[in-house]
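Scroll down for the structure; my scribbles are underneath it.
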Amino acid sequence: MDEKPKINQGLEGVYFMESEICKVDGKAGKLYYYGYDIGELAKHSNFEEVSYLLLHGKLPKQKELAVFKEALASNRELSEDVINLIKRIPKKTKPMHTLSVAMDLIGATEKNAENGSMEEASVRIISKMASVVGAIGSIRNTGKYNPPDETLSHTENFLYMLDGEKKKKDVVALTDTMLLLHAEHSSNASTFSGIVTISTMSDIYSATVSAINTLKGPLHGGADEAALKMIKDGMDKDPDKYINGIISSGGRIMGFGHRVYKTYDPRATIIKEQLKKALRNANKETKKIADAAFGIEEAAIKVTGKKGIWPNVDFFSGPVYSCIGIEEGLFTPVFALSRAPGWCSHIIEYSRNNRLIRPTVYYTGAVGKKYVEIGNR
Ligand code: CMC
């Protein structure tokens, strides 16, 4: 047998490329998109501008942003085929599956999917993903598709498509901040899976679909839904006992822990602040959920903080989405539509200097076995 190499389970600590897009400083608890601190962006910028930043590597001038917003708005409409797919898919289908097949259909029917400009395709992907999630939300609840409104901002229109109602400014602003905070996070699992797909010289739509399906798992984007379920489960219990029960049975605190952050996730800090603000106008049930979240957070940190396991972006996201009025089943799809610019920017960056991604496993099985006919086994 060959000498056993060092195996990086989960590819931990493996560098596979150089990138200028995003820095995650896990020790200091800092996050930068193209050098801009996430706190600064959350305070002063918006999702459309950040999407431009991620796709072009610089903040836009006024005219550039206007052209970009116009491109996003003019690509919102979904084809009859996509609307019918969402209407006909079995009612029990999880929205992440519906989002995945709808985006695959969009890619399959896109004329230039294989050979058009990836920058242009990215704008269509960002735009259409929000429309698809809006349509899924509305069709699931009412059977009705609300056509997009080109006069609204990207976030305003997404919320409008969910139920056909225009939202108050503070709700739009809160949602927009959530989208911006989720827009990018370096070589996370879903982005990496999109990069693996593009490295085979597949197309950017297929790479996005790979990323969507990778985001779905509860160790990644699915943690927002799982964290809210856990918070609700622990709601009327003593938080310390509840947390100790999970840990002593070998379970995980959902919305806690991160491969890179060994301190408080800076996005979670901002989301917690936003939640406190949003609670002023929240209903009784949401306030109760948020109180439970604060209690569970404190109890969990007592146990896990010393091991470097702190709240991540997903812990307070569920309570915030509840304040906005977004249903649980749509949390991860909303994460997906927020991450679209990050996925696209990495897919484009990688393909500029493409090399097929094909890592190696250390084989520990046998060789030279004799084939035995089926009747003689
Ligand atoms: N609760 C309890 N223990 C934990 C947790 C947690 N949330 N996270 C890690 N640990 C423990 C784990 O049990 C293990 O302990 P031991 O060494 O005693 O066996 C140790 O920490 C290392 O775990 P790991 O799984 O090897 O560490 P990782 O770097 O792969 O963890 C993680 C990253 C996100 C998979 C993990 O923290 C986790 O499962 N968290 C819960 C799910 C979650 O919130 N995911 C969202 C991640 S951030 C947003 C996103 O990517 O979408």
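Numbering starts fresh at 1 for the residues of each chain in the structure tokens, the chains themselves are lettered A, B, ... in the order given, and ligands are numbered from 1 as they appear.
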- request: Could you tell me, counting only C-alpha atoms and all ligand atoms, which protein and nucleic acid residues lie no more than 7 Å from ligand 1, written as a ChimeraX atom specification?
  value: /A:188,215,218-223,247,251-260,304,309,312-314
- request: Apply DSSP to the backbone of this structure and, from region 72-251 of chain A, keep only the residues in alpha helix (DSSP H); write these as a PyMOL selection string.
  value: chain A and resi 72-74+80-88+95-109+118-142+154-163+169-181+189-199+204-215+223-233+239-248
message: Considering only C-alpha atoms, can you say which of A:Glu120, A:Tyr160, A:Gly35, A:Lys30 comes closest to Ile326 (chain A)?
response: A:Tyr160
task: Have a look at CA of Ala130 (chain A) and CA of Tyr264 (chain A) and let me know their distance in Å, one decimal.
output: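 Computed distance, CA of Ala130 (chain A) to CA of Tyr264 (chain A), equals 29.0 Å.
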- request: Could you jot down the CA of Gly57 (chain A) to CA of Lys43 (chain A) separation for me, Å, one decimal place?
  value: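 CA of Lys43 (chain A) lies at a distance of 19.3 Å from CA of Gly57 (chain A).
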Could you pull the residues within 9 Å of region 357-359 of chain A, counting only C-alpha atoms, minus those fewer than 4 positions along the same chain, as a CSV table (one decimal) with N, CA and C atoms, in the first residue's frame?
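around_31.csv written:
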chain,number,residue,atom,x,y,z
A,16,PHE,N,-7.3,26.1,-2.5
A,16,PHE,CA,-7.4,25.5,-3.9
A,16,PHE,C,-7.3,26.6,-4.9
A,195,ILE,N,-18.3,26.0,-8.0
A,195,ILE,CA,-17.0,26.1,-8.7
A,195,ILE,C,-16.6,24.7,-9.3
A,196,VAL,N,-16.9,23.7,-8.6
A,196,VAL,CA,-16.5,22.3,-9.1
A,196,VAL,C,-17.3,22.1,-10.4
A,197,THR,N,-18.6,22.5,-10.4
A,197,THR,CA,-19.4,22.3,-11.6
A,197,THR,C,-18.8,23.1,-12.8
A,199,SER,N,-15.9,24.1,-13.2
A,199,SER,CA,-14.5,23.6,-13.6
A,199,SER,C,-14.5,22.5,-14.6
A,200,THR,N,-15.7,21.9,-14.8
A,200,THR,CA,-15.8,20.9,-15.9
A,200,THR,C,-16.2,21.5,-17.2
Please tabulate, as JSON lines, the residues of region 168-247 of chain A that come within 12 Å of region 332-349 of chain A, each with its closest pair of atoms and the distance in Å to one decimal, counting only C-alpha atoms and ordering rows by chain, then residue number upward.
{"residue": "A:Thr175", "atom": "CA", "partner": "A:Val334", "partner_atom": "CA", "distance": 9.7}
{"residue": "A:Asp176", "atom": "CA", "partner": "A:Ser338", "partner_atom": "CA", "distance": 9.2}
{"residue": "A:Thr177", "atom": "CA", "partner": "A:Ser338", "partner_atom": "CA", "distance": 10.1}
{"residue": "A:Met178", "atom": "CA", "partner": "A:Ser338", "partner_atom": "CA", "distance": 8.0}
{"residue": "A:Leu179", "atom": "CA", "partner": "A:Ser338", "partner_atom": "CA", "distance": 4.7}
{"residue": "A:Leu180", "atom": "CA", "partner": "A:Ser338", "partner_atom": "CA", "distance": 6.8}
{"residue": "A:Leu181", "atom": "CA", "partner": "A:Ser338", "partner_atom": "CA", "distance": 8.1}
{"residue": "A:His182", "atom": "CA", "partner": "A:Ser338", "partner_atom": "CA", "distance": 5.5}
{"residue": "A:Ala183", "atom": "CA", "partner": "A:Arg339", "partner_atom": "CA", "distance": 4.2}
{"residue": "A:Glu184", "atom": "CA", "partner": "A:Gly342", "partner_atom": "CA", "distance": 4.4}
{"residue": "A:His185", "atom": "CA", "partner": "A:Gly342", "partner_atom": "CA", "distance": 7.1}
{"residue": "A:Ser186", "atom": "CA", "partner": "A:Gly342", "partner_atom": "CA", "distance": 7.8}
{"residue": "A:Ser187", "atom": "CA", "partner": "A:His346", "partner_atom": "CA", "distance": 8.4}
{"residue": "A:Asn188", "atom": "CA", "partner": "A:Trp343", "partner_atom": "CA", "distance": 9.7}
{"residue": "A:Ala189", "atom": "CA", "partner": "A:Trp343", "partner_atom": "CA", "distance": 10.6}
{"residue": "A:Ser190", "atom": "CA", "partner": "A:Trp343", "partner_atom": "CA", "distance": 7.8}
{"residue": "A:Thr191", "atom": "CA", "partner": "A:Trp343", "partner_atom": "CA", "distance": 5.3}
{"residue": "A:Phe192", "atom": "CA", "partner": "A:His346", "partner_atom": "CA", "distance": 8.5}
{"residue": "A:Ser193", "atom": "CA", "partner": "A:Trp343", "partner_atom": "CA", "distance": 9.5}
{"residue": "A:Gly194", "atom": "CA", "partner": "A:Ile347", "partner_atom": "CA", "distance": 6.5}
{"residue": "A:Ile195", "atom": "CA", "partner": "A:Ile347", "partner_atom": "CA", "distance": 5.3}
{"residue": "A:Val196", "atom": "CA", "partner": "A:Ile347", "partner_atom": "CA", "distance": 8.8}
{"residue": "A:Thr197", "atom": "CA", "partner": "A:Ile347", "partner_atom": "CA", "distance": 8.8}
{"residue": "A:Ile198", "atom": "CA", "partner": "A:Ile347", "partner_atom": "CA", "distance": 6.5}
{"residue": "A:Ser199", "atom": "CA", "partner": "A:Ile347", "partner_atom": "CA", "distance": 8.6}
{"residue": "A:Thr200", "atom": "CA", "partner": "A:Ile347", "partner_atom": "CA", "distance": 11.5}
{"residue": "A:Met201", "atom": "CA", "partner": "A:Ile347", "partner_atom": "CA", "distance": 10.7}
{"residue": "A:Ser202", "atom": "CA", "partner": "A:Ile347", "partner_atom": "CA", "distance": 10.8}
{"residue": "A:Asp203", "atom": "CA", "partner": "A:Ile347", "partner_atom": "CA", "distance": 9.6}
{"residue": "A:Ile204", "atom": "CA", "partner": "A:Ile347", "partner_atom": "CA", "distance": 7.2}
{"residue": "A:Tyr205", "atom": "CA", "partner": "A:Cys344", "partner_atom": "CA", "distance": 9.3}
{"residue": "A:Ser206", "atom": "CA", "partner": "A:Ile347", "partner_atom": "CA", "distance": 10.9}
{"residue": "A:Ala207", "atom": "CA", "partner": "A:Ile347", "partner_atom": "CA", "distance": 7.6}
{"residue": "A:Thr208", "atom": "CA", "partner": "A:Trp343", "partner_atom": "CA", "distance": 7.0}
{"residue": "A:Val209", "atom": "CA", "partner": "A:Ala336", "partner_atom": "CA", "distance": 10.2}
{"residue": "A:Ser210", "atom": "CA", "partner": "A:Trp343", "partner_atom": "CA", "distance": 10.3}
{"residue": "A:Ala211", "atom": "CA", "partner": "A:Trp343", "partner_atom": "CA", "distance": 7.5}
{"residue": "A:Ile212", "atom": "CA", "partner": "A:Ala336", "partner_atom": "CA", "distance": 6.4}
{"residue": "A:Asn213", "atom": "CA", "partner": "A:Ala336", "partner_atom": "CA", "distance": 9.6}
{"residue": "A:Thr214", "atom": "CA", "partner": "A:Ala336", "partner_atom": "CA", "distance": 10.1}
{"residue": "A:Leu215", "atom": "CA", "partner": "A:Ala336", "partner_atom": "CA", "distance": 7.2}
{"residue": "A:Lys216", "atom": "CA", "partner": "A:Thr332", "partner_atom": "CA", "distance": 6.7}
{"residue": "A:Gly217", "atom": "CA", "partner": "A:Thr332", "partner_atom": "CA", "distance": 9.3}
{"residue": "A:Pro218", "atom": "CA", "partner": "A:Thr332", "partner_atom": "CA", "distance": 9.6}
{"residue": "A:Leu219", "atom": "CA", "partner": "A:Thr332", "partner_atom": "CA", "distance": 11.9}
{"residue": "A:His220", "atom": "CA", "partner": "A:Thr332", "partner_atom": "CA", "distance": 9.5}
{"residue": "A:Gly221", "atom": "CA", "partner": "A:Thr332", "partner_atom": "CA", "distance": 5.8}
{"residue": "A:Gly222", "atom": "CA", "partner": "A:Thr332", "partner_atom": "CA", "distance": 5.6}
{"residue": "A:Ala223", "atom": "CA", "partner": "A:Thr332", "partner_atom": "CA", "distance": 8.2}
{"residue": "A:Asp224", "atom": "CA", "partner": "A:Thr332", "partner_atom": "CA", "distance": 6.8}
{"residue": "A:Glu225", "atom": "CA", "partner": "A:Thr332", "partner_atom": "CA", "distance": 7.0}
{"residue": "A:Ala226", "atom": "CA", "partner": "A:Thr332", "partner_atom": "CA", "distance": 10.0}
{"residue": "A:Ala227", "atom": "CA", "partner": "A:Thr332", "partner_atom": "CA", "distance": 11.6}
{"residue": "A:Leu228", "atom": "CA", "partner": "A:Thr332", "partner_atom": "CA", "distance": 11.8}
Dump of C-alpha atoms for the selected residues, as a PDB file, in the first residue's frame:
ATOM      1  CA  THR A 175     -35.155  42.241   4.308  1.00  0.00           C
ATOM      2  CA  ASP A 176     -32.603  44.034   2.143  1.00  0.00           C
ATOM      3  CA  THR A 177     -30.069  43.981   4.991  1.00  0.00           C
ATOM      4  CA  MET A 178     -30.650  40.231   5.431  1.00  0.00           C
ATOM      5  CA  LEU A 179     -30.052  39.667   1.703  1.00  0.00           C
ATOM      6  CA  LEU A 180     -26.869  41.751   1.789  1.00  0.00           C
ATOM      7  CA  LEU A 181     -25.520  39.902   4.846  1.00  0.00           C
ATOM      8  CA  HIS A 182     -26.036  36.540   3.128  1.00  0.00           C
ATOM      9  CA  ALA A 183     -24.733  37.645  -0.291  1.00  0.00           C
ATOM     10  CA  GLU A 184     -21.238  36.202  -0.053  1.00  0.00           C
ATOM     11  CA  HIS A 185     -19.038  34.061   2.153  1.00  0.00           C
ATOM     12  CA  SER A 186     -15.896  32.909   0.361  1.00  0.00           C
ATOM     13  CA  SER A 187     -15.335  29.191  -0.331  1.00  0.00           C
ATOM     14  CA  ASN A 188     -18.284  27.795   1.636  1.00  0.00           C
ATOM     15  CA  ALA A 189     -19.698  24.416   0.586  1.00  0.00           C
ATOM     16  CA  SER A 190     -22.323  25.687  -1.877  1.00  0.00           C
ATOM     17  CA  THR A 191     -19.933  28.124  -3.576  1.00  0.00           C
ATOM     18  CA  PHE A 192     -17.320  25.386  -3.823  1.00  0.00           C
ATOM     19  CA  SER A 193     -19.822  23.022  -5.383  1.00  0.00           C
ATOM     20  CA  GLY A 194     -20.709  25.685  -7.976  1.00  0.00           C
ATOM     21  CA  ILE A 195     -16.996  26.099  -8.696  1.00  0.00           C
ATOM     22  CA  VAL A 196     -16.524  22.325  -9.065  1.00  0.00           C
ATOM     23  CA  THR A 197     -19.359  22.283 -11.607  1.00  0.00           C
ATOM     24  CA  ILE A 198     -17.987  25.199 -13.648  1.00  0.00           C
ATOM     25  CA  SER A 199     -14.506  23.638 -13.564  1.00  0.00           C
ATOM     26  CA  THR A 200     -15.805  20.882 -15.871  1.00  0.00           C
ATOM     27  CA  MET A 201     -16.748  23.668 -18.353  1.00  0.00           C
ATOM     28  CA  SER A 202     -20.411  23.140 -17.612  1.00  0.00           C
ATOM     29  CA  ASP A 203     -22.526  26.345 -17.620  1.00  0.00           C
ATOM     30  CA  ILE A 204     -23.228  28.953 -14.941  1.00  0.00           C
ATOM     31  CA  TYR A 205     -26.899  27.926 -14.581  1.00  0.00           C
ATOM     32  CA  SER A 206     -25.915  24.323 -13.864  1.00  0.00           C
ATOM     33  CA  ALA A 207     -23.248  25.554 -11.443  1.00  0.00           C
ATOM     34  CA  THR A 208     -25.913  27.625  -9.653  1.00  0.00           C
ATOM     35  CA  VAL A 209     -28.193  24.575  -9.417  1.00  0.00           C
ATOM     36  CA  SER A 210     -25.321  22.579  -7.854  1.00  0.00           C
ATOM     37  CA  ALA A 211     -24.850  25.390  -5.348  1.00  0.00           C
ATOM     38  CA  ILE A 212     -28.588  25.493  -4.523  1.00  0.00           C
ATOM     39  CA  ASN A 213     -28.656  21.763  -3.804  1.00  0.00           C
ATOM     40  CA  THR A 214     -25.548  22.012  -1.649  1.00  0.00           C
ATOM     41  CA  LEU A 215     -26.922  24.936   0.336  1.00  0.00           C
ATOM     42  CA  LYS A 216     -29.992  22.904   1.293  1.00  0.00           C
ATOM     43  CA  GLY A 217     -28.358  20.716   3.970  1.00  0.00           C
ATOM     44  CA  PRO A 218     -28.786  21.525   7.686  1.00  0.00           C
ATOM     45  CA  LEU A 219     -25.030  21.864   8.223  1.00  0.00           C
ATOM     46  CA  HIS A 220     -25.075  24.737   5.711  1.00  0.00           C
ATOM     47  CA  GLY A 221     -27.999  26.945   4.613  1.00  0.00           C
ATOM     48  CA  GLY A 222     -30.654  24.627   5.984  1.00  0.00           C
ATOM     49  CA  ALA A 223     -29.445  25.561   9.482  1.00  0.00           C
ATOM     50  CA  ASP A 224     -31.686  28.649   9.586  1.00  0.00           C
ATOM     51  CA  GLU A 225     -34.830  26.508   9.469  1.00  0.00           C
ATOM     52  CA  ALA A 226     -33.320  23.883  11.797  1.00  0.00           C
ATOM     53  CA  ALA A 227     -32.311  26.594  14.300  1.00  0.00           C
ATOM     54  CA  LEU A 228     -35.826  28.007  14.432  1.00  0.00           C
TER      55      LEU A 228
END
- request: Go through A:Thr93, A:Ser117, A:Ser249, A:Asn75 one by one, measure the shortest atom-to-atom distance of each to Glu150 (chain A) using only C-alpha atoms, and give the residue with the smallest value.
  value: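 Comparing A:Thr93, A:Ser117, A:Ser249, A:Asn75 against Glu150 (chain A), the winner is A:Asn75.
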- prompt: Which residues come within 10 Å of Lys306 (chain A), counting only C-alpha atoms, excluding same-chain residues fewer than 5 positions away, as a list in words?
  reply: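 Close residues of Lys306 (chain A): Lys262, Thr263 and Ile301 of chain A.
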field: Residue with smallest distance to Asp291 (chain A) - pool A:Leu65, A:Val367, A:Ile231, A:Leu41, counting only C-alpha atoms
entry: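 Comparing A:Leu65, A:Val367, A:Ile231, A:Leu41 against Asp291 (chain A), the winner is A:Ile231.
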